[in-house]
$ cat protein-v4.cif   # mmCIF, C-alpha atoms and all ligand atoms
data_run
#
loop_
_atom_site.label_atom_id
_atom_site.label_comp_id
_atom_site.auth_asym_id
_atom_site.auth_seq_id
_atom_site.Cartn_x
_atom_site.Cartn_y
_atom_site.Cartn_z
CA MET I 414 19.00 -8.74 -19.09
CA SER I 415 19.90 -5.04 -19.19
CA PHE I 416 17.79 -1.89 -19.38
CA LYS I 417 19.46 -1.13 -22.71
CA SER I 418 18.23 -4.39 -24.22
CA LEU I 419 14.66 -3.34 -23.38
CA GLY I 420 14.99 -0.63 -25.98
CA LEU I 421 15.21 2.39 -23.70
CA SER I 422 16.85 5.59 -24.93
CA ASP I 423 20.18 6.97 -23.72
CA ALA I 424 18.46 9.80 -21.79
CA LEU I 425 16.51 7.25 -19.76
CA LEU I 426 19.46 4.88 -19.37
CA LYS I 427 21.45 7.75 -17.91
CA ALA I 428 18.72 8.44 -15.33
CA ILE I 429 18.42 4.73 -14.51
CA SER I 430 22.13 4.45 -13.90
CA LYS I 431 22.01 7.59 -11.74
CA LYS I 432 19.34 5.85 -9.62
CA GLY I 433 21.74 2.93 -9.27
CA TYR I 434 19.55 0.27 -10.88
CA ASN I 435 21.56 -2.47 -12.57
CA THR I 436 19.00 -4.98 -13.78
CA PRO I 437 15.35 -4.52 -14.64
CA SER I 438 12.98 -6.24 -12.22
CA THR I 439 10.65 -8.98 -13.48
CA ILE I 440 7.73 -6.64 -13.99
CA GLN I 441 9.98 -4.18 -15.81
CA GLN I 442 11.35 -6.90 -18.09
CA LYS I 443 7.85 -8.01 -18.97
CA ALA I 444 5.93 -4.74 -19.13
CA ILE I 445 8.39 -2.29 -20.70
CA PRO I 446 8.61 -3.91 -24.19
CA LEU I 447 4.81 -4.35 -24.35
CA ILE I 448 4.14 -0.75 -23.38
CA LEU I 449 6.68 0.44 -25.95
CA GLU I 450 4.74 -1.56 -28.56
CA ARG I 451 1.73 0.55 -27.51
CA LYS I 452 -0.23 -2.42 -26.15
CA ASP I 453 -2.84 -2.11 -23.42
CA VAL I 454 -1.44 -3.92 -20.39
CA LEU I 455 -3.10 -5.53 -17.40
CA ALA I 456 -0.32 -6.05 -14.89
CA SER I 457 -0.31 -7.81 -11.58
CA ALA I 458 2.37 -6.13 -9.53
CA GLN I 459 2.76 -4.92 -5.99
CA THR I 460 4.57 -2.10 -4.33
CA GLY I 461 8.22 -3.07 -4.15
CA SER I 462 8.19 -4.91 -7.49
CA GLY I 463 9.55 -1.88 -9.35
CA LYS I 464 6.17 -1.35 -11.03
CA THR I 465 6.43 2.44 -11.08
CA ALA I 466 9.53 2.37 -13.27
CA GLY I 467 7.78 -0.45 -15.18
CA PHE I 468 5.27 2.04 -16.55
CA ALA I 469 7.11 5.36 -16.09
CA LEU I 470 10.15 4.49 -18.22
CA PRO I 471 8.32 3.31 -21.38
CA LEU I 472 5.79 6.09 -20.99
CA LEU I 473 8.56 8.70 -20.92
CA GLN I 474 10.21 7.05 -23.90
CA ILE I 475 6.97 7.19 -25.92
CA LEU I 476 6.25 10.83 -25.07
CA ASN I 477 9.85 11.85 -25.68
CA SER I 478 9.88 10.30 -29.13
CA GLU I 479 6.82 12.26 -30.25
CA PRO I 480 6.87 15.90 -31.29
CA ALA I 481 5.75 18.01 -28.32
CA TYR I 482 2.74 20.30 -28.53
CA ARG I 483 3.61 23.94 -28.04
CA LYS I 484 1.26 24.41 -25.10
CA ARG I 485 2.09 21.10 -23.42
CA PRO I 486 -1.33 19.60 -22.77
CA VAL I 487 -1.43 16.56 -20.50
CA ARG I 488 -0.48 13.57 -22.64
CA ALA I 489 -0.15 10.94 -19.93
CA LEU I 490 -2.38 10.63 -16.89
CA ILE I 491 -1.51 8.44 -13.91
CA LEU I 492 -4.24 7.88 -11.35
CA THR I 493 -3.30 6.67 -7.88
CA PRO I 494 -5.42 5.95 -4.80
CA THR I 495 -3.49 7.94 -2.19
CA ARG I 496 -1.72 11.26 -1.94
CA GLU I 497 1.47 9.64 -0.75
CA LEU I 498 1.59 7.27 -3.68
CA ALA I 499 0.84 10.13 -6.10
CA ALA I 500 3.75 12.15 -4.66
CA GLN I 501 6.09 9.18 -4.85
CA VAL I 502 5.14 8.31 -8.41
CA GLN I 503 5.72 11.93 -9.41
CA ASP I 504 9.13 11.91 -7.67
CA GLU I 505 10.10 8.90 -9.75
CA PHE I 506 8.88 10.55 -12.96
CA LYS I 507 11.00 13.59 -12.18
CA GLU I 508 14.09 11.50 -11.64
CA TYR I 509 13.62 9.33 -14.73
CA SER I 510 12.88 12.34 -16.94
CA ALA I 511 15.83 14.39 -15.67
CA PHE I 512 17.66 14.13 -19.02
CA THR I 513 14.61 14.72 -21.20
CA ASP I 514 12.59 17.84 -21.90
CA LEU I 515 9.40 16.33 -20.44
CA ARG I 516 7.55 17.94 -17.57
CA SER I 517 5.40 16.30 -14.94
CA THR I 518 3.39 17.45 -11.98
CA VAL I 519 1.23 15.97 -9.25
CA ILE I 520 -2.17 16.99 -7.92
CA PHE I 521 -3.95 15.63 -4.84
CA GLY I 522 -6.44 16.79 -2.26
CA GLY I 523 -5.79 17.92 1.30
CA VAL I 524 -3.54 20.80 0.26
CA GLY I 525 -4.22 24.15 -1.42
CA ALA I 526 -5.17 23.92 -5.08
CA ASN I 527 -3.57 27.17 -6.27
CA PRO I 528 0.04 25.99 -6.66
CA GLN I 529 -1.31 22.94 -8.51
CA ILE I 530 -3.38 25.14 -10.82
CA ARG I 531 -0.33 27.30 -11.52
CA ALA I 532 1.79 24.25 -12.35
CA LEU I 533 -0.91 23.02 -14.73
CA ARG I 534 -1.11 26.42 -16.40
CA ASN I 535 2.59 26.29 -17.19
CA GLY I 536 1.93 23.11 -19.15
CA VAL I 537 2.80 19.52 -18.21
CA ASP I 538 3.22 16.42 -20.32
CA ILE I 539 2.61 13.98 -17.49
CA LEU I 540 0.04 14.41 -14.73
CA VAL I 541 -0.04 12.21 -11.64
CA ALA I 542 -3.30 12.63 -9.72
CA THR I 543 -5.70 11.27 -7.16
CA PRO I 544 -9.21 11.02 -8.64
CA GLY I 545 -11.06 13.55 -6.43
CA ARG I 546 -8.74 16.52 -6.95
CA LEU I 547 -8.41 15.72 -10.64
CA LEU I 548 -12.17 15.97 -11.09
CA ASP I 549 -12.31 19.15 -8.98
CA LEU I 550 -9.70 20.89 -11.10
CA GLU I 551 -11.21 19.63 -14.32
CA ASN I 552 -14.57 21.05 -13.22
CA GLN I 553 -12.87 24.37 -12.64
CA ASN I 554 -11.39 24.19 -16.15
CA ALA I 555 -7.92 24.26 -14.63
CA LEU I 556 -6.90 21.41 -16.93
CA SER I 557 -7.97 19.61 -20.04
CA LEU I 558 -7.73 15.87 -20.55
CA SER I 559 -8.58 15.97 -24.24
CA LYS I 560 -5.04 15.20 -25.38
CA VAL I 561 -4.35 12.26 -23.08
CA GLU I 562 -2.71 9.44 -25.02
CA ILE I 563 -1.77 7.14 -22.16
CA LEU I 564 -3.75 6.36 -19.02
CA VAL I 565 -2.29 4.46 -16.07
CA LEU I 566 -4.41 3.18 -13.19
CA ASP I 567 -1.91 2.46 -10.44
CA GLU I 568 -2.94 0.19 -7.55
CA ALA I 569 -6.34 -0.19 -9.17
CA ASP I 570 -7.51 -2.71 -6.56
CA ARG I 571 -6.91 -0.20 -3.80
CA MET I 572 -8.73 2.48 -5.78
CA LEU I 573 -11.77 0.26 -5.93
CA ASP I 574 -11.44 -0.59 -2.21
CA MET I 575 -11.44 3.12 -1.48
CA GLY I 576 -14.62 3.68 -3.44
CA PHE I 577 -13.14 5.48 -6.44
CA LEU I 578 -15.01 3.49 -9.10
CA ARG I 579 -17.49 6.26 -9.85
CA ASP I 580 -14.74 8.85 -10.06
CA ILE I 581 -12.70 6.61 -12.34
CA LYS I 582 -15.67 6.22 -14.66
CA LYS I 583 -16.21 9.98 -14.73
CA ILE I 584 -12.55 10.48 -15.58
CA LEU I 585 -12.64 7.83 -18.32
CA ALA I 586 -15.51 9.75 -19.92
CA LEU I 587 -13.30 12.85 -20.13
CA LEU I 588 -10.52 11.11 -22.05
CA PRO I 589 -10.18 10.66 -25.79
CA ALA I 590 -11.45 7.25 -26.89
CA LYS I 591 -8.21 6.44 -28.68
CA ARG I 592 -5.52 5.99 -26.08
CA GLN I 593 -3.26 3.40 -24.49
CA ASN I 594 -4.41 1.99 -21.14
CA LEU I 595 -2.30 0.40 -18.44
CA LEU I 596 -3.82 -1.11 -15.34
CA PHE I 597 -1.61 -2.11 -12.40
CA SER I 598 -3.11 -4.02 -9.54
CA ALA I 599 -1.77 -6.19 -6.72
CA THR I 600 -4.75 -8.52 -6.92
CA PHE I 601 -7.15 -9.53 -9.67
CA SER I 602 -10.56 -9.56 -8.06
CA LYS I 603 -13.81 -9.96 -9.98
CA GLU I 604 -14.26 -6.18 -9.80
CA ILE I 605 -10.81 -5.50 -11.25
CA LYS I 606 -11.45 -7.91 -14.10
CA LYS I 607 -14.78 -6.19 -14.77
CA LEU I 608 -13.14 -2.77 -14.79
CA ALA I 609 -10.36 -4.08 -17.04
CA ASN I 610 -12.93 -5.49 -19.49
CA GLU I 611 -14.65 -2.15 -19.62
CA PHE I 612 -11.76 0.01 -20.65
CA LEU I 613 -8.74 -2.01 -21.77
CA HIS I 614 -8.50 -2.95 -25.46
CA HIS I 615 -7.21 -6.50 -25.99
CA PRO I 616 -4.93 -6.20 -22.99
CA VAL I 617 -1.83 -8.29 -22.57
CA LEU I 618 -1.72 -9.87 -19.14
CA VAL I 619 1.57 -9.46 -17.30
CA GLU I 620 2.19 -11.21 -14.03
CA ALA I 621 5.25 -10.85 -11.89
CA THR I 622 5.70 -12.81 -8.73
CA PRO I 623 6.52 -9.98 -6.36
CA GLU I 624 10.18 -10.27 -5.51
CA ASN I 625 9.71 -8.62 -2.18
CA THR I 626 7.06 -10.97 -0.93
CA THR I 627 8.89 -14.24 -1.54
CA VAL I 628 8.74 -15.85 1.83
CA GLU I 629 12.35 -17.04 1.71
CA LYS I 630 13.56 -13.46 1.96
CA ILE I 631 11.30 -12.57 4.86
CA ASN I 632 11.68 -14.05 8.27
CA GLN I 633 8.10 -14.32 9.48
CA THR I 634 7.29 -14.95 13.13
CA VAL I 635 4.06 -15.01 15.06
CA TYR I 636 3.94 -14.17 18.77
CA ARG I 637 0.83 -15.46 20.43
CA VAL I 638 -0.06 -12.95 23.11
CA ASP I 639 -3.08 -11.72 25.01
CA LYS I 640 -4.55 -8.55 23.56
CA THR I 641 -3.93 -6.57 26.73
CA LEU I 642 -0.21 -7.35 26.66
CA LYS I 643 0.48 -6.43 23.05
CA THR I 644 1.74 -2.92 23.79
CA ASP I 645 4.14 -4.20 26.46
CA LEU I 646 5.38 -6.88 24.10
CA ILE I 647 5.99 -4.49 21.22
CA ILE I 648 7.89 -2.12 23.52
CA LYS I 649 10.03 -5.02 24.73
CA LEU I 650 10.78 -6.26 21.21
CA ILE I 651 11.72 -2.81 19.89
CA SER I 652 13.76 -1.80 22.95
CA GLU I 653 15.60 -5.06 23.55
CA GLY I 654 16.16 -5.67 19.85
CA ASN I 655 17.37 -2.06 19.61
CA TRP I 656 15.39 -1.76 16.36
CA LYS I 657 15.82 1.56 14.65
CA GLN I 658 13.29 1.65 11.82
CA VAL I 659 10.08 -0.20 12.46
CA LEU I 660 6.83 -0.02 10.53
CA VAL I 661 3.88 -1.13 12.66
CA PHE I 662 0.44 -1.88 11.27
CA THR I 663 -2.77 -1.42 13.17
CA ARG I 664 -6.25 -2.16 11.91
CA THR I 665 -7.78 1.20 12.83
CA LYS I 666 -6.81 4.88 12.76
CA HIS I 667 -7.71 5.13 16.39
CA GLY I 668 -5.53 2.16 17.24
CA ALA I 669 -2.63 3.74 15.35
CA ASN I 670 -2.89 6.95 17.39
CA ARG I 671 -3.20 5.09 20.67
CA LEU I 672 -0.22 2.86 20.05
CA SER I 673 1.92 5.75 18.85
CA GLU I 674 1.15 7.68 22.04
CA LYS I 675 2.04 4.70 24.22
CA LEU I 676 5.33 4.19 22.40
CA GLU I 677 6.20 7.84 22.95
CA ILE I 678 5.48 7.43 26.67
CA ALA I 679 7.92 4.49 26.62
CA ASN I 680 10.56 6.81 25.08
CA ILE I 681 10.34 5.28 21.64
CA THR I 682 9.95 8.07 19.07
CA SER I 683 6.93 7.35 17.01
CA ALA I 684 4.41 8.85 14.58
CA ALA I 685 1.05 7.64 13.34
CA ILE I 686 0.10 7.89 9.70
CA HIS I 687 -3.47 7.38 8.53
CA GLY I 688 -6.30 8.91 6.56
CA ASN I 689 -7.41 11.33 9.28
CA LYS I 690 -4.03 13.02 9.47
CA SER I 691 -3.49 16.18 7.46
CA GLN I 692 -1.26 15.96 4.42
CA GLY I 693 1.38 18.02 6.23
CA ALA I 694 1.38 15.69 9.24
CA ARG I 695 1.70 12.64 7.02
CA THR I 696 4.56 14.11 5.00
CA ARG I 697 6.37 15.16 8.18
CA ALA I 698 5.90 11.73 9.75
CA LEU I 699 7.21 9.96 6.68
CA ALA I 700 10.17 12.34 6.31
CA GLY I 701 11.05 11.91 10.01
CA PHE I 702 10.88 8.16 9.63
CA LYS I 703 13.08 8.13 6.54
CA GLU I 704 15.64 10.38 8.24
CA GLY I 705 15.72 8.18 11.32
CA LYS I 706 14.26 10.83 13.66
CA VAL I 707 11.13 8.78 14.09
CA ARG I 708 11.91 5.22 15.12
CA VAL I 709 8.48 3.71 14.73
CA LEU I 710 5.89 4.57 12.11
CA VAL I 711 2.47 3.27 13.05
CA ALA I 712 0.23 3.00 10.01
CA THR I 713 -3.08 1.70 8.77
CA ASP I 714 -3.13 -0.40 5.61
CA ILE I 715 -4.42 2.31 3.33
CA ALA I 716 -1.96 4.93 4.58
CA ALA I 717 0.97 2.55 4.22
CA ARG I 718 0.10 1.48 0.72
CA GLY I 719 2.63 2.80 -1.71
CA LEU I 720 4.99 4.30 0.86
CA ASP I 721 8.41 4.14 -0.64
CA ILE I 722 10.74 3.23 2.16
CA PRO I 723 13.38 0.94 0.76
CA LEU I 724 15.11 -1.74 2.83
CA LEU I 725 12.89 -1.62 5.87
CA PRO I 726 14.31 -4.09 8.39
CA HIS I 727 11.26 -4.66 10.61
CA VAL I 728 7.56 -4.81 10.03
CA ILE I 729 5.24 -5.60 12.93
CA ASN I 730 1.58 -6.45 12.64
CA PHE I 731 0.21 -5.14 15.91
CA GLU I 732 -3.05 -6.62 14.70
CA LEU I 733 -3.49 -9.01 11.82
CA PRO I 734 -5.41 -7.63 8.86
CA ASN I 735 -8.82 -9.16 8.28
CA ILE I 736 -8.06 -9.34 4.55
CA SER I 737 -5.34 -11.95 4.08
CA GLU I 738 -3.89 -10.26 0.98
CA ASP I 739 -3.13 -7.22 3.11
CA TYR I 740 -0.77 -9.38 5.16
CA VAL I 741 1.26 -10.01 2.02
CA HIS I 742 1.27 -6.29 1.21
CA ARG I 743 2.32 -5.42 4.73
CA ILE I 744 5.20 -7.84 5.02
CA GLY I 745 6.26 -6.83 1.51
CA ARG I 746 7.54 -3.63 3.10
CA THR I 747 10.47 -5.55 4.50
CA GLY I 748 13.12 -7.62 2.76
CA ARG I 749 13.12 -5.33 -0.24
CA ALA I 750 15.68 -5.39 -3.02
CA GLY I 751 16.97 -8.77 -1.97
CA ALA I 752 17.84 -7.83 1.62
CA SER I 753 16.41 -10.03 4.32
CA GLY I 754 13.75 -8.57 6.56
CA GLU I 755 11.76 -9.52 9.59
CA ALA I 756 7.98 -9.57 9.82
CA ILE I 757 6.45 -10.12 13.24
CA SER I 758 2.78 -10.58 13.97
CA LEU I 759 1.27 -10.22 17.42
CA VAL I 760 -1.69 -12.53 17.42
CA SER I 761 -4.30 -12.56 20.14
CA LEU I 762 -7.05 -15.04 20.66
CA ASP I 763 -9.60 -13.28 18.51
CA GLU I 764 -7.20 -13.20 15.55
CA VAL I 765 -6.46 -16.89 15.28
CA GLY I 766 -9.02 -17.21 12.49
CA TYR I 767 -7.25 -14.47 10.50
CA LEU I 768 -3.94 -16.22 11.06
CA LYS I 769 -5.34 -19.44 9.61
CA SER I 770 -6.63 -17.63 6.49
CA ILE I 771 -3.24 -15.99 6.02
CA GLU I 772 -1.42 -19.30 6.36
CA LYS I 773 -3.76 -20.76 3.77
CA LEU I 774 -3.10 -17.88 1.38
CA ILE I 775 0.69 -18.01 1.65
CA GLY I 776 0.70 -21.79 1.75
CA GLU I 777 2.78 -22.25 4.86
CA ARG I 778 2.48 -22.53 8.62
CA LEU I 779 4.11 -19.59 10.35
CA GLU I 780 6.54 -20.19 13.17
CA THR I 781 4.75 -19.37 16.41
CA LYS I 782 6.57 -18.26 19.55
CA THR I 783 5.63 -17.12 23.01
CA LEU I 784 7.91 -14.85 25.02
CA GLN I 785 8.56 -15.47 28.68
CA GLY I 786 6.27 -13.29 30.74
CA PHE I 787 3.84 -12.99 27.84
CA GLU I 788 2.41 -16.49 27.85
CA THR I 789 -1.20 -16.53 26.77
CA THR I 790 -3.78 -17.43 29.34
CA GLU I 791 -6.36 -18.45 26.78
CA THR I 792 -7.02 -22.07 25.94
CA MET I 793 -8.29 -23.62 22.71
CA ALA I 794 -11.71 -23.68 24.27
CA ASP I 795 -11.46 -19.91 24.65
CA VAL I 796 -10.38 -19.59 21.03
CA LYS I 797 -13.40 -21.56 19.88
CA GLU I 798 -15.64 -19.60 22.19
CA ALA I 799 -14.29 -16.28 20.91
CA GLU I 800 -14.79 -17.37 17.29
CA ALA I 801 -18.32 -18.44 18.06
CA GLU I 802 -18.89 -15.17 19.82
CA LYS I 803 -17.70 -13.25 16.79
CA LYS I 804 -20.06 -15.22 14.58
CA ARG I 805 -22.91 -14.53 16.98
CA GLN I 806 -22.13 -10.82 16.96
CA LYS I 807 -21.96 -10.81 13.18
CA ALA I 808 -25.30 -12.58 12.96
CA GLN I 809 -26.76 -10.04 15.36
CA ARG I 810 -25.41 -7.18 13.31
CA HIS I 811 -27.11 -8.68 10.31
CA GLY I 812 -30.34 -8.81 12.28
CA ARG I 813 -30.53 -12.57 12.57
CA GLY I 814 -31.89 -12.59 16.09
CA ARG I 815 -30.33 -12.45 19.48
CA ASN I 816 -28.53 -15.15 21.34
CA PRO I 817 -28.70 -14.95 25.11
CA GLN I 818 -25.31 -16.73 25.37
CA ALA I 819 -23.59 -13.85 23.64
CA LYS I 820 -23.66 -11.70 26.73
CA GLN I 821 -22.29 -14.48 28.91
CA SER I 822 -19.34 -15.12 26.65
CA THR I 823 -18.49 -11.40 26.46
CA GLN I 824 -18.32 -11.42 30.22
CA LYS I 825 -16.05 -14.43 30.08
CA ASN I 826 -13.69 -12.65 27.69
CA THR I 827 -13.60 -9.61 29.89
CA LYS I 828 -12.65 -11.89 32.75
CA ASN I 829 -9.79 -13.26 30.66
CA SER I 830 -8.46 -9.86 29.84
CA SER I 831 -8.55 -8.73 33.43
CA ARG I 832 -6.65 -11.89 34.26
CA SER I 833 -3.98 -10.83 31.77
CA LYS I 834 -3.91 -7.33 33.18
CA ARG I 835 -3.44 -8.60 36.70
CA ARG I 836 -0.53 -10.71 35.68
CA ARG I 837 1.17 -7.66 34.27
P1 LIG N 901 7.88 0.30 -6.72
O1 LIG N 901 7.45 -1.13 -6.78
O2 LIG N 901 7.68 1.00 -8.02
O3 LIG N 901 7.26 1.01 -5.56
O4 LIG N 901 9.45 0.32 -6.49
C1 LIG N 901 10.03 -0.12 -5.29
C2 LIG N 901 11.44 0.39 -5.10
O5 LIG N 901 12.34 -0.28 -5.98
C3 LIG N 901 11.64 1.87 -5.37
O6 LIG N 901 12.42 2.38 -4.31
C4 LIG N 901 12.40 1.93 -6.67
O7 LIG N 901 13.23 3.08 -6.69
C5 LIG N 901 13.21 0.64 -6.64
N1 LIG N 901 13.49 0.07 -7.98
C6 LIG N 901 12.69 0.09 -9.06
N2 LIG N 901 13.27 -0.57 -10.08
C7 LIG N 901 14.44 -1.04 -9.64
C8 LIG N 901 15.49 -1.82 -10.22
N3 LIG N 901 15.43 -2.25 -11.47
N4 LIG N 901 16.55 -2.10 -9.46
C9 LIG N 901 16.62 -1.69 -8.17
N5 LIG N 901 15.67 -0.96 -7.55
C10 LIG N 901 14.59 -0.63 -8.27
#

$ encode --input "protein-v4.cif" --output "structure tokens" --more "lines below"
Ligand code: AMP
Amino acid sequence: MSFKSLGLSDALLKAISKKGYNTPSTIQQKAIPLILERKDVLASAQTGSGKTAGFALPLLQILNSEPAYRKRPVRALILTPTRELAAQVQDEFKEYSAFTDLRSTVIFGGVGANPQIRALRNGVDILVATPGRLLDLENQNALSLSKVEILVLDEADRMLDMGFLRDIKKILALLPAKRQNLLFSATFSKEIKKLANEFLHHPVLVEATPENTTVEKINQTVYRVDKTLKTDLIIKLISEGNWKQVLVFTRTKHGANRLSEKLEIANITSAAIHGNKSQGARTRALAGFKEGKVRVLVATDIAARGLDIPLLPHVINFELPNISEDYVHRIGRTGRAGASGEAISLVSLDEVGYLKSIEKLIGERLETKTLQGFETTETMADVKEAEAEKKRQKAQRHGRGRNPQAKQSTQKNTKNSSRSKRRR
């Protein structure tokens, strides 16, 4: 199938060929014709599937085929959960619209509002925005949403995870009732279905198995290792493998900072990217990583979502995510566009439960290795004990009484980790 056969105009085909795309991806093949027919679409697609072009191309085609208003009010609104994703979506819009007369701009928080207000004043056909800044600027009358014909919710599941539901509802109330709605989400949770029911009109469901997450293309390995030896192990893997561009996931912002600092000490250039970093710091880190000046980008799940870094050779889970779907998102950053990639997970005793849930989700047992000098000292009994301990702690947090054994087992774990430290 070709882009031409999807009914796209010459101006868009020219931009597509300039980008070097030959064939439309699955999501593009399925979504583009439906969007051009002006259907509401509920699409399951992840980062890496080509979803952005899947909605951007037909949207541009629709807007370009209609007579433009003189003052260029916003006619298409794309909401994204993160600033990075907003910027990337806007970059793609710019490239795809290069041979049309359409204008787009992006607004997000964390940076000064004045340049954004000026861009809006000049008139834009397409606005890419994060919900908070959009509502701020709307409150200040810096923009009007009364002429929006097409609404896109990009990575809707992540928007809900980040607590944007209220903002989304406020935004929906500002839009004309008659409009086309497109909802893109990596997962279809109950909440997503509820949201979809509330604002999509007879949506057509489009599902695309994400090309980038097919396990055949990604070489997945698990290293079982004690928690205290993870940093040493990651330094060894990166140095001895001479890996140049590595994306590392940690579970917390704090953990991302700590690991990045330790990598720097080991002479591995590194930057952390997470929600507490300023927009400038995040942009610099990402640019440095793309240019090859930063060898390792350490990121949290939310910060990494939507980062457009094609053909990433190595992804390392320094810690496994506690939400199994996030594992699939994370490893989807490697092996893109048909190239093979490597996803490595460092799994310590307390994460064995997460590993099992992930294996269940992806329907396969992951190859597990241990490196010489990094053999785990924990036994299955320790694993069970740690899991029980976690349950006890959870019960305590939920106020279901205290268990005197909890303290003992914490002491036991501490003993284990000092054993690991000594061995080092
Ligand atoms: P996305 O899923 O929208 O984040 O896109 C992932 C990456 O795939 C981006 O770098 C796009 O530029 C690229 N891409 C999108 N569509 C195609 C295509 N049909 N062929 C090759 N690459 C594509």

$ residues_around --input "protein-v4.cif" --residues "region 483-500 of chain I" --least-positions-apart "6" --cutoff "8 Å" --atoms "only C-alpha atoms" --output "PyMOL selection string"
chain I and resi 472+476+519-522+536-544+557-558+560-569+571-572+575+577+692+696+715-716+718-720

$ residues_near_ligand --input "protein-v4.cif" --ligand "ligand LIG 901 (chain N)" --cutoff "6 Å" --atoms "all atoms listed in the file" --output "PyMOL selection string"
chain I and resi 434-438+460-466+721+723

$ closest_residue --input "protein-v4.cif" --among "I:Leu618, I:Ala684, I:Ala756, I:Ala532" --to "Lys452 (chain I)" --atoms "all atoms listed in the file"
I:Leu618

$ residues_around --input "protein-v4.cif" --residues "Lys643 (chain I)" --least-positions-apart "2" --cutoff "10 Å" --atoms "only C-alpha atoms" --output "list in words"
Tyr636, Arg637, Val638, Asp639, Lys640, Thr641, Asp645, Leu646, Ile647, Ile648, Lys649, Leu672, Phe731, Glu732, Leu759, Val760, Ser761 and Phe787 of chain I

$ closest_residue --input "protein-v4.cif" --among "I:Ala590, I:Leu725, I:Asn655, I:Asp570" --to "Ala609 (chain I)" --atoms "all atoms listed in the file"
I:Asp570

$ atom_distance --input "protein-v4.cif" --atom1 "CA of Ala456 (chain I)" --atom2 "CA of Gln442 (chain I)"
12.1 Å

$ residues_near_point --input "protein-v4.cif" --point "(18.6, 8.2, -16.2)" --cutoff "8 Å" --atoms "only C-alpha atoms" --output "ChimeraX atom specification"
/I:423-432,508-512

$ atom_distance --input "protein-v4.cif" --atom1 "CA of Thr439 (chain I)" --atom2 "CA of Leu608 (chain I)"
24.6 Å

$ residues_around --input "protein-v4.cif" --residues "Gln474 (chain I)" --least-positions-apart "3" --cutoff "7 Å" --atoms "only C-alpha atoms" --output "MDAnalysis selection string"
chainID I and resid 421:422 470:471 477:478

$ residues_around --input "protein-v4.cif" --residues "Asn680 (chain I)" --least-positions-apart "6" --cutoff "12 Å" --atoms "only C-alpha atoms" --output "number ranges by chain"
I: 648-649, 651-652, 673-674, 707-709

$ atom_distance --input "protein-v4.cif" --atom1 "CA of Leu585 (chain I)" --atom2 "CA of Gln459 (chain I)"
23.5 Å

$ axis_aligned_box --input "protein-v4.cif" --around "region 483-494 of chain I" --padding-each-side "5 Å" --output "JSON"
{"center_x": -0.9, "center_y": 15.2, "center_z": -16.4, "size_x": 19.0, "size_y": 28.5, "size_z": 33.2}

$ closest_residue --input "protein-v4.cif" --among "I:Ala712, I:Asp795, I:Ala801, I:Lys703" --to "Ile686 (chain I)" --atoms "all atoms listed in the file"
I:Ala712

$ residues_near_point --input "protein-v4.cif" --point "(-3.0, -1.2, 11.8)" --cutoff "8 Å" --atoms "only C-alpha atoms" --output "short mmCIF file (atom, residue, chain, number, x, y, z; two decimals) with C-alpha atoms, keeping the file's coordinate frame"
data_model
loop_
_atom_site.label_atom_id
_atom_site.label_comp_id
_atom_site.auth_asym_id
_atom_site.auth_seq_id
_atom_site.Cartn_x
_atom_site.Cartn_y
_atom_site.Cartn_z
CA VAL I 661 3.88 -1.13 12.66
CA PHE I 662 0.44 -1.88 11.27
CA THR I 663 -2.77 -1.42 13.17
CA ARG I 664 -6.25 -2.16 11.91
CA THR I 665 -7.78 1.20 12.83
CA LYS I 666 -6.81 4.88 12.76
CA GLY I 668 -5.53 2.16 17.24
CA ALA I 669 -2.63 3.74 15.35
CA VAL I 711 2.47 3.27 13.05
CA ALA I 712 0.23 3.00 10.01
CA THR I 713 -3.08 1.70 8.77
CA ASP I 714 -3.13 -0.40 5.61
CA ASN I 730 1.58 -6.45 12.64
CA PHE I 731 0.21 -5.14 15.91
CA GLU I 732 -3.05 -6.62 14.70
CA LEU I 733 -3.49 -9.01 11.82
CA PRO I 734 -5.41 -7.63 8.86
#
